[in-house]
Amino acid sequence: MEKCLELAKQAASLGEVPVGALIVTSQGEIISEAHNLREIENIATAHAELIAIERACKKLGRWRLSDCSLYVSLEPCFMCAGGIVLARIPNVIFAASDPKAGAVGSLINILNDKRLNHQCHVISGICSEESSNLLKTFFKVRRKK
């Protein structure tokens with residue numbers, strides 16, 4: 001999670017919402033990493049999770065990431081949760097909850113919806129205070145501008 005927070009800080013330094021994500025194999029190898037790029041790329045879907053998933057798929061040469069875990073500094077939104085399900089990622093570990101847009105327990109729990117063809121094991125709260133403080137500081141500074 002510390003690496004996710006480093007990536008989130010990189011995003012903040014670029015004016016992006018500070019979110020970082022990693023895809024890790026079951027052997028513990030980091031195969032992709034990303035941070036938000038919506039502002040830089042002017043692409044609404046350029047969230048850290050989706051970029052990390054895309055990079056992992058390209059690196060592994062397959063769309064199923066069924067032997068990988070996703071680490072992310074903020075609870076995934078609806079869009080990213082959908083991408084996680086579609087990529088068949090079995091484990092998702094996130095830091096801070098997102099009460100306004102979180103789709104992994106805050107507003108809804110897409111990753112454990114039995115109506116879908118894939119569910120995930122979820123661990124939350126790892127380094128949540130540090131991630132939350134990073135986000136609060138970022139938005140406080142942004143509102144002053």
# chains A, B, ... in the order shown; residues from 1 in each chain; ligands from 1
call {"tool": "residues_around", "arguments": {"residues": "segment 1-17 of chain A", "least_positions_apart": "6", "cutoff": "10 Å", "atoms": "only C-alpha atoms", "output": "list in words"}}
result
Glu33, Ala34, His35, Asn36, Leu37, Arg38, Glu39, Ile40, His47, Ala48, Tyr71, Val72, Ser73, Leu74, Ile93, Phe94, Ala95, Ile126, Cys127, Ser128, Glu130, Ser131, Leu134, Leu135, Thr137, Phe138, Phe139 and Arg142 of chain A
call {"tool": "atom_distance", "arguments": {"atom1": "atom CA of Cys77 of chain A", "atom2": "atom CA of Arg62 of chain A"}}
result
23.6 Å
call {"tool": "residues_around", "arguments": {"residues": "Ile89 of chain A", "least_positions_apart": "5", "cutoff": "10 Å", "atoms": "only C-alpha atoms", "output": "list in words"}}
result
Ile23, Ile53, Arg64, Leu65, Ser66, Asp67, Cys68, Ser69, Leu70, Gly83, Ile84, Leu111, His118, Gln119, Cys120 and His121 of chain A
call {"tool": "select_by_dssp", "arguments": {"residues": "segment 42-123 of chain A", "states": "strand (DSSP E or B)", "output": "list in words"}}
result
Cys68, Ser69, Leu70, Tyr71, Val72, Ser73, Leu74, Asn91, Val92, Ile93, Phe94, Ala95, Ala96, Val104, Asn109, His121, Val122 and Ile123 of chain A
